[in-house]
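*Asks:* Starting off with a structure, shown below.
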Amino acid sequence: MARETTQEAFATAWADGGLVIDVREPDEYTAGHVPGARLMPLHSVSARCGELPTDRPVYVICASGNRSKTAADRMNSRGIDAYSVTGGTGAWARAGHPIEAGHHEHAG
């Protein structure tokens, strides 16, 4: 079962420079994402876990919190300290946090 973090805890981690991985599709990411989030669509997570650090927490976000749970489970099974962000990008935006639109940067 994926470990989850609240929006409040995530906001603090984000402000402190936490690593955010967005597991939505590229078009969703381009439409609006948490500033600094790196795109890693859910279907690519298993193959790309090697790109992620194992020495610090990784915060996984999607639209509402479902895909991020799946991705965090996959990451955790590979030794990554991953947390799914409850409520996803939708809750982040509704709380008034910044959203960045535009092209994605590849992780790596």
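Identifiers in the structure tokens: chain A, B, ... in order shown; residue index from 1 per chain; ligand index from 1 in order shown.
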Could you give me, as a list of chain:residue names, the residues within 10 Å of Arg78 of chain A, counting only C-alpha atoms and dropping anything in the same chain fewer than 2 positions from it?

*Replies:* A:Ser46, A:Cys49, A:Gly50, A:Thr54, A:Ala72, A:Asp73, A:Arg74, A:Met75, A:Asn76, A:Ile80, A:Asp81, A:Ala82

*Asks:* Please produce an output containing all heavy atoms for each residue in the selection, written as a PDB file, in the first residue's frame.

*Replies:*
```
ATOM      1  N   SER A  46       8.097   2.156 -14.039  1.00  0.00           N
ATOM      2  CA  SER A  46       8.865   0.949 -13.732  1.00  0.00           C
ATOM      3  C   SER A  46      10.213   0.955 -14.440  1.00  0.00           C
ATOM      4  O   SER A  46      11.241   0.618 -13.850  1.00  0.00           O
ATOM      5  CB  SER A  46       8.077  -0.301 -14.110  1.00  0.00           C
ATOM      6  OG  SER A  46       6.934  -0.426 -13.286  1.00  0.00           O
ATOM      7  N   CYS A  49      12.670   3.954 -12.844  1.00  0.00           N
ATOM      8  CA  CYS A  49      12.962   4.093 -11.411  1.00  0.00           C
ATOM      9  C   CYS A  49      14.448   4.324 -11.143  1.00  0.00           C
ATOM     10  O   CYS A  49      14.808   4.980 -10.164  1.00  0.00           O
ATOM     11  CB  CYS A  49      12.480   2.870 -10.640  1.00  0.00           C
ATOM     12  SG  CYS A  49      10.737   2.970 -10.171  1.00  0.00           S
ATOM     13  N   GLY A  50      15.299   3.800 -12.004  1.00  0.00           N
ATOM     14  CA  GLY A  50      16.732   3.976 -11.817  1.00  0.00           C
ATOM     15  C   GLY A  50      17.200   5.412 -11.885  1.00  0.00           C
ATOM     16  O   GLY A  50      18.307   5.739 -11.445  1.00  0.00           O
ATOM     17  N   THR A  54      17.655   7.320  -4.091  1.00  0.00           N
ATOM     18  CA  THR A  54      17.163   6.446  -3.022  1.00  0.00           C
ATOM     19  C   THR A  54      17.524   7.012  -1.658  1.00  0.00           C
ATOM     20  O   THR A  54      17.228   6.409  -0.637  1.00  0.00           O
ATOM     21  CB  THR A  54      17.758   5.032  -3.151  1.00  0.00           C
ATOM     22  OG1 THR A  54      19.181   5.142  -3.189  1.00  0.00           O
ATOM     23  CG2 THR A  54      17.268   4.342  -4.418  1.00  0.00           C
ATOM     24  N   ALA A  72       3.842   5.350  -6.714  1.00  0.00           N
ATOM     25  CA  ALA A  72       4.603   5.314  -5.458  1.00  0.00           C
ATOM     26  C   ALA A  72       4.820   3.873  -5.006  1.00  0.00           C
ATOM     27  O   ALA A  72       5.898   3.527  -4.516  1.00  0.00           O
ATOM     28  CB  ALA A  72       3.888   6.124  -4.376  1.00  0.00           C
ATOM     29  N   ASP A  73       3.803   3.025  -5.193  1.00  0.00           N
ATOM     30  CA  ASP A  73       3.960   1.598  -4.873  1.00  0.00           C
ATOM     31  C   ASP A  73       5.114   0.992  -5.668  1.00  0.00           C
ATOM     32  O   ASP A  73       5.950   0.276  -5.133  1.00  0.00           O
ATOM     33  CB  ASP A  73       2.679   0.822  -5.215  1.00  0.00           C
ATOM     34  CG  ASP A  73       1.715   0.724  -4.048  1.00  0.00           C
ATOM     35  OD1 ASP A  73       2.148   0.934  -2.898  1.00  0.00           O
ATOM     36  OD2 ASP A  73       0.536   0.437  -4.297  1.00  0.00           O
ATOM     37  N   ARG A  74       5.136   1.264  -6.961  1.00  0.00           N
ATOM     38  CA  ARG A  74       6.200   0.731  -7.824  1.00  0.00           C
ATOM     39  C   ARG A  74       7.569   1.235  -7.376  1.00  0.00           C
ATOM     40  O   ARG A  74       8.544   0.482  -7.359  1.00  0.00           O
ATOM     41  CB  ARG A  74       5.948   1.118  -9.285  1.00  0.00           C
ATOM     42  CG  ARG A  74       4.765   0.396  -9.879  1.00  0.00           C
ATOM     43  CD  ARG A  74       4.536   0.800 -11.317  1.00  0.00           C
ATOM     44  NE  ARG A  74       3.263   0.259 -11.797  1.00  0.00           N
ATOM     45  CZ  ARG A  74       2.692   0.607 -12.944  1.00  0.00           C
ATOM     46  NH1 ARG A  74       3.279   1.488 -13.735  1.00  0.00           N
ATOM     47  NH2 ARG A  74       1.551   0.071 -13.305  1.00  0.00           N
ATOM     48  N   MET A  75       7.637   2.522  -7.053  1.00  0.00           N
ATOM     49  CA  MET A  75       8.906   3.109  -6.603  1.00  0.00           C
ATOM     50  C   MET A  75       9.346   2.511  -5.271  1.00  0.00           C
ATOM     51  O   MET A  75      10.511   2.157  -5.096  1.00  0.00           O
ATOM     52  CB  MET A  75       8.766   4.622  -6.504  1.00  0.00           C
ATOM     53  CG  MET A  75       8.594   5.308  -7.830  1.00  0.00           C
ATOM     54  SD  MET A  75       8.249   7.064  -7.592  1.00  0.00           S
ATOM     55  CE  MET A  75       7.840   7.556  -9.274  1.00  0.00           C
ATOM     56  N   ASN A  76       8.403   2.395  -4.335  1.00  0.00           N
ATOM     57  CA  ASN A  76       8.732   1.840  -3.017  1.00  0.00           C
ATOM     58  C   ASN A  76       9.276   0.425  -3.142  1.00  0.00           C
ATOM     59  O   ASN A  76      10.205   0.045  -2.423  1.00  0.00           O
ATOM     60  CB  ASN A  76       7.505   1.847  -2.088  1.00  0.00           C
ATOM     61  CG  ASN A  76       7.124   3.246  -1.638  1.00  0.00           C
ATOM     62  OD1 ASN A  76       7.965   4.125  -1.556  1.00  0.00           O
ATOM     63  ND2 ASN A  76       5.860   3.450  -1.361  1.00  0.00           N
ATOM     64  N   ILE A  80      12.856   3.126  -3.355  1.00  0.00           N
ATOM     65  CA  ILE A  80      12.749   4.586  -3.386  1.00  0.00           C
ATOM     66  C   ILE A  80      11.770   5.026  -2.300  1.00  0.00           C
ATOM     67  O   ILE A  80      10.725   4.414  -2.111  1.00  0.00           O
ATOM     68  CB  ILE A  80      12.298   5.054  -4.783  1.00  0.00           C
ATOM     69  CG1 ILE A  80      13.381   4.693  -5.807  1.00  0.00           C
ATOM     70  CG2 ILE A  80      11.997   6.543  -4.803  1.00  0.00           C
ATOM     71  CD1 ILE A  80      12.894   4.625  -7.227  1.00  0.00           C
ATOM     72  N   ASP A  81      12.123   6.092  -1.593  1.00  0.00           N
ATOM     73  CA  ASP A  81      11.318   6.609  -0.485  1.00  0.00           C
ATOM     74  C   ASP A  81      10.215   7.508  -1.061  1.00  0.00           C
ATOM     75  O   ASP A  81      10.299   8.733  -0.993  1.00  0.00           O
ATOM     76  CB  ASP A  81      12.233   7.382   0.467  1.00  0.00           C
ATOM     77  CG  ASP A  81      11.528   7.791   1.751  1.00  0.00           C
ATOM     78  OD1 ASP A  81      10.485   7.205   2.085  1.00  0.00           O
ATOM     79  OD2 ASP A  81      12.062   8.704   2.420  1.00  0.00           O
ATOM     80  N   ALA A  82       9.204   6.884  -1.692  1.00  0.00           N
ATOM     81  CA  ALA A  82       8.182   7.627  -2.435  1.00  0.00           C
ATOM     82  C   ALA A  82       6.901   7.812  -1.636  1.00  0.00           C
ATOM     83  O   ALA A  82       6.489   6.924  -0.895  1.00  0.00           O
ATOM     84  CB  ALA A  82       7.880   6.898  -3.740  1.00  0.00           C
TER      85      ALA A  82
END
```

*Asks:* Counting only C-alpha atoms, what is within 8 Å of Glu100 of chain A, bar same-chain residues fewer than 4 positions away, as a compact mmCIF listing (two decimals) with C-alpha atoms, in the first residue's frame?

*Replies:*
```txt
# COMPACT_ATOMS: atom_id res chain seq x y z
CA GLY A 32 -0.55 22.87 -15.66
CA HIS A 33 1.75 21.30 -13.09
CA VAL A 34 3.46 21.96 -9.77
CA PRO A 35 6.46 24.19 -10.52
```

*Asks:* Extract, using only C-alpha atoms, all DNA, RNA and protein residues at most 9 Å from segment 18-29 of chain A, discarding same-chain residues fewer than 5 positions from it, and format them as a ChimeraX atom specification.

*Replies:* /A:10,12-13,34-45,56-63,67-68,71,89,100-104,107

*Asks:* Suppose we keep N, CA, C and O atoms; can you now write the selection as a short mmCIF file (atom, residue, chain, number, x, y, z; two decimals), in the first residue's frame?

*Replies:*
```cif
data_model
loop_
_atom_site.label_atom_id
_atom_site.label_comp_id
_atom_site.auth_asym_id
_atom_site.auth_seq_id
_atom_site.Cartn_x
_atom_site.Cartn_y
_atom_site.Cartn_z
N PHE A 10 3.11 18.18 1.86
CA PHE A 10 3.73 18.29 0.55
C PHE A 10 4.13 19.74 0.26
O PHE A 10 5.23 20.00 -0.26
N THR A 12 5.04 22.01 2.30
CA THR A 12 6.26 22.29 3.06
C THR A 12 7.47 21.65 2.39
O THR A 12 8.51 22.29 2.22
N ALA A 13 7.33 20.39 1.99
CA ALA A 13 8.44 19.69 1.33
C ALA A 13 8.80 20.36 0.01
O ALA A 13 9.98 20.53 -0.32
N VAL A 34 2.75 21.37 -10.90
CA VAL A 34 3.46 21.96 -9.77
C VAL A 34 4.81 22.44 -10.28
O VAL A 34 5.54 21.68 -10.93
N PRO A 35 5.17 23.70 -10.04
CA PRO A 35 6.46 24.19 -10.52
C PRO A 35 7.62 23.31 -10.05
O PRO A 35 7.69 22.94 -8.89
N GLY A 36 8.48 22.97 -10.99
CA GLY A 36 9.64 22.15 -10.67
C GLY A 36 9.40 20.66 -10.77
O GLY A 36 10.35 19.87 -10.68
N ALA A 37 8.15 20.24 -10.96
CA ALA A 37 7.85 18.80 -11.06
C ALA A 37 8.45 18.24 -12.34
O ALA A 37 8.43 18.88 -13.38
N ARG A 38 8.98 17.03 -12.24
CA ARG A 38 9.54 16.35 -13.40
C ARG A 38 8.52 15.36 -13.92
O ARG A 38 7.90 14.63 -13.14
N LEU A 39 8.36 15.33 -15.23
CA LEU A 39 7.38 14.44 -15.85
C LEU A 39 7.94 13.03 -16.00
O LEU A 39 9.03 12.84 -16.52
N MET A 40 7.16 12.06 -15.52
CA MET A 40 7.49 10.64 -15.68
C MET A 40 6.15 9.90 -15.76
O MET A 40 5.64 9.42 -14.76
N PRO A 41 5.55 9.85 -16.97
CA PRO A 41 4.22 9.23 -17.09
C PRO A 41 4.17 7.85 -16.45
O PRO A 41 5.16 7.11 -16.48
N LEU A 42 3.03 7.53 -15.88
CA LEU A 42 2.87 6.30 -15.11
C LEU A 42 3.37 5.07 -15.86
O LEU A 42 4.06 4.23 -15.28
N HIS A 43 3.08 4.96 -17.16
CA HIS A 43 3.49 3.77 -17.91
C HIS A 43 5.00 3.61 -17.99
O HIS A 43 5.50 2.53 -18.27
N SER A 44 5.75 4.70 -17.72
CA SER A 44 7.21 4.64 -17.82
C SER A 44 7.91 4.49 -16.47
O SER A 44 9.13 4.34 -16.43
N VAL A 45 7.14 4.55 -15.38
CA VAL A 45 7.74 4.56 -14.05
C VAL A 45 8.61 3.34 -13.77
O VAL A 45 9.75 3.47 -13.33
N ARG A 56 16.68 10.21 -0.52
CA ARG A 56 15.79 11.29 -0.06
C ARG A 56 14.38 11.01 -0.55
O ARG A 56 14.19 10.26 -1.50
N PRO A 57 13.39 11.63 0.09
CA PRO A 57 12.00 11.38 -0.31
C PRO A 57 11.70 11.87 -1.72
O PRO A 57 12.28 12.85 -2.19
N VAL A 58 10.81 11.17 -2.38
CA VAL A 58 10.31 11.54 -3.70
C VAL A 58 8.80 11.70 -3.56
O VAL A 58 8.13 10.81 -3.02
N TYR A 59 8.28 12.83 -4.01
CA TYR A 59 6.85 13.11 -3.90
C TYR A 59 6.22 12.90 -5.27
O TYR A 59 6.62 13.52 -6.25
N VAL A 60 5.24 12.00 -5.32
CA VAL A 60 4.63 11.59 -6.58
C VAL A 60 3.23 12.20 -6.66
O VAL A 60 2.42 12.07 -5.75
N ILE A 61 2.97 12.89 -7.79
CA ILE A 61 1.69 13.58 -7.92
C ILE A 61 1.08 13.26 -9.28
O ILE A 61 1.78 13.00 -10.25
N CYS A 62 -0.27 13.25 -9.30
CA CYS A 62 -1.00 13.07 -10.57
C CYS A 62 -2.12 14.10 -10.56
O CYS A 62 -1.95 15.19 -10.07
N ALA A 63 -3.26 13.74 -11.13
CA ALA A 63 -4.38 14.69 -11.17
C ALA A 63 -5.14 14.71 -9.85
O ALA A 63 -5.42 15.78 -9.30
N ARG A 67 -3.29 7.64 -9.76
CA ARG A 67 -2.10 7.17 -10.46
C ARG A 67 -0.86 7.31 -9.60
O ARG A 67 0.05 6.47 -9.66
N SER A 68 -0.82 8.36 -8.79
CA SER A 68 0.37 8.56 -7.96
C SER A 68 0.52 7.46 -6.91
O SER A 68 1.64 7.08 -6.56
N ALA A 71 2.11 4.58 -8.81
CA ALA A 71 3.51 4.88 -9.09
C ALA A 71 4.36 4.81 -7.83
O ALA A 71 5.47 4.26 -7.84
N THR A 89 -2.69 17.21 -8.20
CA THR A 89 -2.51 18.56 -8.72
C THR A 89 -3.78 19.38 -8.59
O THR A 89 -3.73 20.59 -8.37
N GLU A 100 2.32 25.88 -12.98
CA GLU A 100 3.13 26.29 -14.11
C GLU A 100 2.61 25.55 -15.33
O GLU A 100 2.34 24.35 -15.26
N ALA A 101 2.48 26.24 -16.45
CA ALA A 101 2.04 25.60 -17.68
C ALA A 101 3.21 25.58 -18.66
O ALA A 101 4.18 26.33 -18.49
N GLY A 102 3.10 24.74 -19.66
CA GLY A 102 4.13 24.73 -20.69
C GLY A 102 4.81 23.39 -20.81
O GLY A 102 4.43 22.43 -20.16
N HIS A 103 5.80 23.38 -21.65
CA HIS A 103 6.49 22.13 -21.99
C HIS A 103 7.19 21.52 -20.81
O HIS A 103 7.60 22.19 -19.89
N HIS A 104 7.35 20.22 -20.92
CA HIS A 104 7.97 19.45 -19.83
C HIS A 104 9.47 19.35 -20.00
O HIS A 104 10.00 19.43 -21.10
N ALA A 107 13.17 14.15 -16.95
CA ALA A 107 13.99 13.82 -15.78
C ALA A 107 15.33 13.30 -16.29
O ALA A 107 15.41 12.66 -17.33
#
```

*Asks:* Tell me, as a ChimeraX atom specification, which residues lie within 10 Å of Ala91 of chain A, counting only C-alpha atoms; anything in the same chain fewer than 6 positions away does not count.

*Replies:* /A:7,63-65,85,97

*Asks:* Got a sec to tell me which of segment 10-103 of chain A DSSP assigns to strand (DSSP E), as a list in words?

*Replies:*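 Here are the strand (DSSP E) residues of segment 10-103 of chain A: Leu19, Val20, Ile21, Asp22, Arg38, Leu39, Val58, Tyr59, Val60, Ile61, Ala82, Tyr83, Ser84 and Val85 of chain A.
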
*Asks:* Save out the residues we just selected, N, CA, C and O atoms, as a PDB file, in the first residue's frame.

*Replies:*
```pdb
ATOM      1  N   LEU A  19      11.858  16.760  -4.202  1.00  0.00           N
ATOM      2  CA  LEU A  19      11.772  16.235  -5.562  1.00  0.00           C
ATOM      3  C   LEU A  19      10.344  15.802  -5.859  1.00  0.00           C
ATOM      4  O   LEU A  19       9.790  14.956  -5.150  1.00  0.00           O
ATOM      5  N   VAL A  20       9.750  16.391  -6.906  1.00  0.00           N
ATOM      6  CA  VAL A  20       8.368  16.098  -7.283  1.00  0.00           C
ATOM      7  C   VAL A  20       8.364  15.413  -8.651  1.00  0.00           C
ATOM      8  O   VAL A  20       8.937  15.930  -9.611  1.00  0.00           O
ATOM      9  N   ILE A  21       7.709  14.258  -8.717  1.00  0.00           N
ATOM     10  CA  ILE A  21       7.558  13.531  -9.969  1.00  0.00           C
ATOM     11  C   ILE A  21       6.082  13.522 -10.337  1.00  0.00           C
ATOM     12  O   ILE A  21       5.240  13.074  -9.561  1.00  0.00           O
ATOM     13  N   ASP A  22       5.757  14.032 -11.525  1.00  0.00           N
ATOM     14  CA  ASP A  22       4.388  14.092 -12.021  1.00  0.00           C
ATOM     15  C   ASP A  22       4.192  12.900 -12.956  1.00  0.00           C
ATOM     16  O   ASP A  22       4.895  12.764 -13.957  1.00  0.00           O
ATOM     17  N   ARG A  38       8.982  17.034 -12.239  1.00  0.00           N
ATOM     18  CA  ARG A  38       9.540  16.354 -13.401  1.00  0.00           C
ATOM     19  C   ARG A  38       8.523  15.357 -13.922  1.00  0.00           C
ATOM     20  O   ARG A  38       7.904  14.628 -13.144  1.00  0.00           O
ATOM     21  N   LEU A  39       8.355  15.326 -15.229  1.00  0.00           N
ATOM     22  CA  LEU A  39       7.377  14.440 -15.851  1.00  0.00           C
ATOM     23  C   LEU A  39       7.939  13.032 -16.000  1.00  0.00           C
ATOM     24  O   LEU A  39       9.034  12.839 -16.522  1.00  0.00           O
ATOM     25  N   VAL A  58      10.812  11.169  -2.385  1.00  0.00           N
ATOM     26  CA  VAL A  58      10.315  11.541  -3.702  1.00  0.00           C
ATOM     27  C   VAL A  58       8.803  11.702  -3.557  1.00  0.00           C
ATOM     28  O   VAL A  58       8.127  10.813  -3.023  1.00  0.00           O
ATOM     29  N   TYR A  59       8.284  12.831  -4.007  1.00  0.00           N
ATOM     30  CA  TYR A  59       6.851  13.113  -3.902  1.00  0.00           C
ATOM     31  C   TYR A  59       6.215  12.902  -5.270  1.00  0.00           C
ATOM     32  O   TYR A  59       6.621  13.521  -6.251  1.00  0.00           O
ATOM     33  N   VAL A  60       5.237  11.996  -5.320  1.00  0.00           N
ATOM     34  CA  VAL A  60       4.626  11.592  -6.579  1.00  0.00           C
ATOM     35  C   VAL A  60       3.230  12.204  -6.665  1.00  0.00           C
ATOM     36  O   VAL A  60       2.424  12.068  -5.748  1.00  0.00           O
ATOM     37  N   ILE A  61       2.970  12.886  -7.788  1.00  0.00           N
ATOM     38  CA  ILE A  61       1.690  13.584  -7.924  1.00  0.00           C
ATOM     39  C   ILE A  61       1.075  13.264  -9.281  1.00  0.00           C
ATOM     40  O   ILE A  61       1.782  13.003 -10.252  1.00  0.00           O
ATOM     41  N   ALA A  82       9.204   6.884  -1.692  1.00  0.00           N
ATOM     42  CA  ALA A  82       8.182   7.627  -2.435  1.00  0.00           C
ATOM     43  C   ALA A  82       6.901   7.812  -1.636  1.00  0.00           C
ATOM     44  O   ALA A  82       6.489   6.924  -0.895  1.00  0.00           O
ATOM     45  N   TYR A  83       6.291   8.968  -1.826  1.00  0.00           N
ATOM     46  CA  TYR A  83       5.027   9.313  -1.171  1.00  0.00           C
ATOM     47  C   TYR A  83       4.062   9.852  -2.207  1.00  0.00           C
ATOM     48  O   TYR A  83       4.406  10.760  -2.968  1.00  0.00           O
ATOM     49  N   SER A  84       2.846   9.326  -2.217  1.00  0.00           N
ATOM     50  CA  SER A  84       1.794   9.827  -3.093  1.00  0.00           C
ATOM     51  C   SER A  84       1.168  11.062  -2.458  1.00  0.00           C
ATOM     52  O   SER A  84       0.848  11.058  -1.268  1.00  0.00           O
ATOM     53  N   VAL A  85       0.984  12.111  -3.249  1.00  0.00           N
ATOM     54  CA  VAL A  85       0.389  13.346  -2.742  1.00  0.00           C
ATOM     55  C   VAL A  85      -1.128  13.239  -2.817  1.00  0.00           C
ATOM     56  O   VAL A  85      -1.707  13.176  -3.904  1.00  0.00           O
TER      57      VAL A  85
END
```

*Asks:* So what do you get for atom CA of Trp92 of chain A versus atom CA of Gly79 of chain A, distance-wise?

*Replies:*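 It comes out at 26.7 Å.
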
*Asks:* Please determine, counting only C-alpha atoms, which residue among A:Leu52, A:Ala9, A:Ala93, A:Met1 has the shortest atom-to-atom distance to Thr70 of chain A.

*Replies:*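 With only C-alpha atoms as the atom set, the closest residue is A:Met1.
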
*Asks:* Could you find all residues in segment 7-77 of chain A that DSSP calls alpha helix (DSSP H) from the backbone, and write them as a ChimeraX atom specification?

*Replies:* /A:7-15,26-31,45-48,66-76
